[in-house]
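Participant: Below you'll find my_file.pdb; it's PDB, C-alpha atoms, pLDDT in the B column.
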```
MODEL        1
ATOM      1  CA  MET A   1      18.940  30.159 -28.980  1.00 52.00           C
ATOM      2  CA  ILE A   2      21.117  27.635 -27.142  1.00 57.00           C
ATOM      3  CA  VAL A   3      20.743  29.251 -23.710  1.00 65.00           C
ATOM      4  CA  PRO A   4      16.896  29.104 -23.570  1.00 73.00           C
ATOM      5  CA  ILE A   5      16.947  25.451 -24.648  1.00 78.00           C
ATOM      6  CA  ASP A   6      19.491  24.696 -21.896  1.00 84.00           C
ATOM      7  CA  ILE A   7      17.327  26.381 -19.250  1.00 86.00           C
ATOM      8  CA  GLU A   8      14.212  24.544 -20.406  1.00 86.00           C
ATOM      9  CA  ALA A   9      16.085  21.224 -20.456  1.00 87.00           C
ATOM     10  CA  LYS A  10      17.308  21.794 -16.882  1.00 91.00           C
ATOM     11  CA  LYS A  11      13.755  22.571 -15.699  1.00 92.00           C
ATOM     12  CA  LYS A  12      12.387  19.431 -17.340  1.00 92.00           C
ATOM     13  CA  ASP A  13      15.258  17.386 -15.900  1.00 93.00           C
ATOM     14  CA  GLU A  14      14.531  18.701 -12.382  1.00 94.00           C
ATOM     15  CA  ILE A  15      10.830  17.885 -12.772  1.00 95.00           C
ATOM     16  CA  PHE A  16      11.679  14.400 -14.024  1.00 95.00           C
ATOM     17  CA  LYS A  17      14.117  13.742 -11.158  1.00 96.00           C
ATOM     18  CA  ALA A  18      11.585  14.918  -8.558  1.00 95.00           C
ATOM     19  CA  THR A  19       8.817  12.774 -10.069  1.00 96.00           C
ATOM     20  CA  TYR A  20      11.136   9.776 -10.366  1.00 96.00           C
ATOM     21  CA  SER A  21      12.295  10.096  -6.750  1.00 96.00           C
ATOM     22  CA  ALA A  22       8.713  10.424  -5.524  1.00 95.00           C
ATOM     23  CA  LYS A  23       7.698   7.263  -7.399  1.00 96.00           C
ATOM     24  CA  ILE A  24      10.691   5.311  -6.056  1.00 96.00           C
ATOM     25  CA  ASN A  25       9.799   6.413  -2.512  1.00 96.00           C
ATOM     26  CA  GLU A  26       6.151   5.433  -3.017  1.00 95.00           C
ATOM     27  CA  MET A  27       7.080   1.984  -4.342  1.00 95.00           C
ATOM     28  CA  THR A  28       9.558   1.451  -1.495  1.00 95.00           C
ATOM     29  CA  GLN A  29       6.903   2.361   1.086  1.00 94.00           C
ATOM     30  CA  GLU A  30       4.403  -0.007  -0.520  1.00 93.00           C
ATOM     31  CA  PHE A  31       6.957  -2.817  -0.588  1.00 94.00           C
ATOM     32  CA  MET A  32       7.766  -2.234   3.064  1.00 93.00           C
ATOM     33  CA  ARG A  33       4.084  -2.074   4.007  1.00 92.00           C
ATOM     34  CA  TYR A  34       3.168  -5.342   2.299  1.00 90.00           C
ATOM     35  CA  PHE A  35       6.313  -7.468   2.264  1.00 91.00           C
ATOM     36  CA  MET A  36       8.375  -6.574   5.345  1.00 91.00           C
ATOM     37  CA  LYS A  37       7.894  -8.028   8.800  1.00 89.00           C
ATOM     38  CA  ASN A  38      10.165  -7.112  11.740  1.00 90.00           C
ATOM     39  CA  ASN A  39      12.541  -5.336   9.345  1.00 90.00           C
ATOM     40  CA  GLN A  40      12.946  -8.535   7.322  1.00 93.00           C
ATOM     41  CA  ILE A  41      11.551  -9.419   3.905  1.00 93.00           C
ATOM     42  CA  ASP A  42       8.682 -11.877   4.195  1.00 91.00           C
ATOM     43  CA  TRP A  43       9.919 -14.069   1.350  1.00 92.00           C
ATOM     44  CA  ILE A  44       7.008 -16.501   1.523  1.00 89.00           C
ATOM     45  CA  LYS A  45       4.477 -13.706   1.046  1.00 87.00           C
ATOM     46  CA  LEU A  46       6.567 -12.074  -1.694  1.00 89.00           C
ATOM     47  CA  VAL A  47       7.044 -15.304  -3.648  1.00 89.00           C
ATOM     48  CA  ASP A  48       3.338 -16.133  -3.248  1.00 86.00           C
ATOM     49  CA  TYR A  49       2.409 -12.693  -4.571  1.00 87.00           C
ATOM     50  CA  VAL A  50       4.793 -12.851  -7.536  1.00 88.00           C
ATOM     51  CA  SER A  51       3.705 -16.415  -8.398  1.00 88.00           C
ATOM     52  CA  LYS A  52      -0.018 -15.665  -8.521  1.00 81.00           C
ATOM     53  CA  ARG A  53      -1.555 -15.237 -11.934  1.00 65.00           C
ATOM     54  CA  GLU A  54      -4.752 -13.621 -10.722  1.00 66.00           C
ATOM     55  CA  ASP A  55      -5.174 -10.427  -8.746  1.00 69.00           C
ATOM     56  CA  VAL A  56      -4.350 -10.852  -5.085  1.00 68.00           C
ATOM     57  CA  LYS A  57      -5.549  -8.474  -2.402  1.00 73.00           C
ATOM     58  CA  LEU A  58      -2.592  -7.466  -0.267  1.00 76.00           C
ATOM     59  CA  GLU A  59      -2.954  -6.829   3.439  1.00 76.00           C
ATOM     60  CA  SER A  60      -0.455  -4.513   5.067  1.00 75.00           C
ATOM     61  CA  VAL A  61       1.837  -5.900   7.720  1.00 69.00           C
ATOM     62  CA  GLU A  62       0.403  -3.467  10.290  1.00 67.00           C
ATOM     63  CA  ALA A  63      -3.056  -4.939   9.749  1.00 64.00           C
ATOM     64  CA  GLN A  64      -1.640  -8.449  10.084  1.00 61.00           C
ATOM     65  CA  LEU A  65       0.112  -7.521  13.320  1.00 57.00           C
ATOM     66  CA  SER A  66      -3.056  -6.040  14.779  1.00 60.00           C
ATOM     67  CA  LEU A  67      -4.942  -9.222  13.892  1.00 57.00           C
ATOM     68  CA  GLU A  68      -2.269 -11.310  15.588  1.00 59.00           C
ATOM     69  CA  LEU A  69      -2.518  -9.142  18.704  1.00 57.00           C
ATOM     70  CA  GLU A  70      -6.297  -9.428  18.735  1.00 61.00           C
ATOM     71  CA  LEU A  71      -6.034 -13.211  18.461  1.00 56.00           C
ATOM     72  CA  GLU A  72      -3.500 -13.386  21.286  1.00 58.00           C
ATOM     73  CA  GLU A  73      -5.699 -11.197  23.507  1.00 58.00           C
ATOM     74  CA  SER A  74      -8.772 -13.330  22.827  1.00 55.00           C
ATOM     75  CA  PHE A  75      -6.862 -16.450  23.852  1.00 53.00           C
ATOM     76  CA  ASP A  76      -5.725 -14.773  27.068  1.00 52.00           C
ATOM     77  CA  LEU A  77      -9.308 -13.924  27.965  1.00 49.00           C
ATOM     78  CA  GLU A  78     -10.478 -17.506  27.510  1.00 49.00           C
ATOM     79  CA  GLU A  79      -7.885 -18.873  29.948  1.00 47.00           C
TER
ENDMDL
END
```
Can the structure in the file be given as structure tokens, please?
Facilitator:
Amino acid sequence: MIVPIDIEAKKKDEIFKATYSAKINEMTQEFMRYFMKNNQIDWIKLVDYVSKREDVKLESVEAQLSLELELEESFDLEE
């Protein structure tokens, strides 16, 4: 009776640990996507996001960088 319970508990523990690790990795990736810039935390954006009471649409840093590049290129063309 004790052995089957131990085996079942180990299986559930392994499932929990795998699910927990996957969620931590997902949250870390999201944080890095939205709140990191040049391997540094963008504190202004993070504080703004945490301070807002209404839903805020987040834009990933990659999208912001591409917009900055597009703006720089458009200025170069005008000169």
Participant: If the PyMOL selection byres ((chain A and resi 58) around 9) were run on this exact file, what residues would it hold? Put them as a list in words.
Facilitator: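 Selected by the PyMOL selection byres ((chain A and resi 58) around 9) here: Tyr34, Tyr49, Val56, Lys57, Glu59 and Ser60 of chain A.
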Participant: As an exercise, work out the distance from atom CA of A:Lys45 to atom CA of A:Met32 in Å and give it to one decimal place.
Facilitator: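 Computing it gives 12.1 Å between the two atoms.
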Participant: Could you please determine the separation between atom CA of A:Pro4 and atom CA of A:Thr19 in Å, to one decimal place?
Facilitator: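 Separation of atom CA of A:Pro4 and atom CA of A:Thr19: 22.7 Å.
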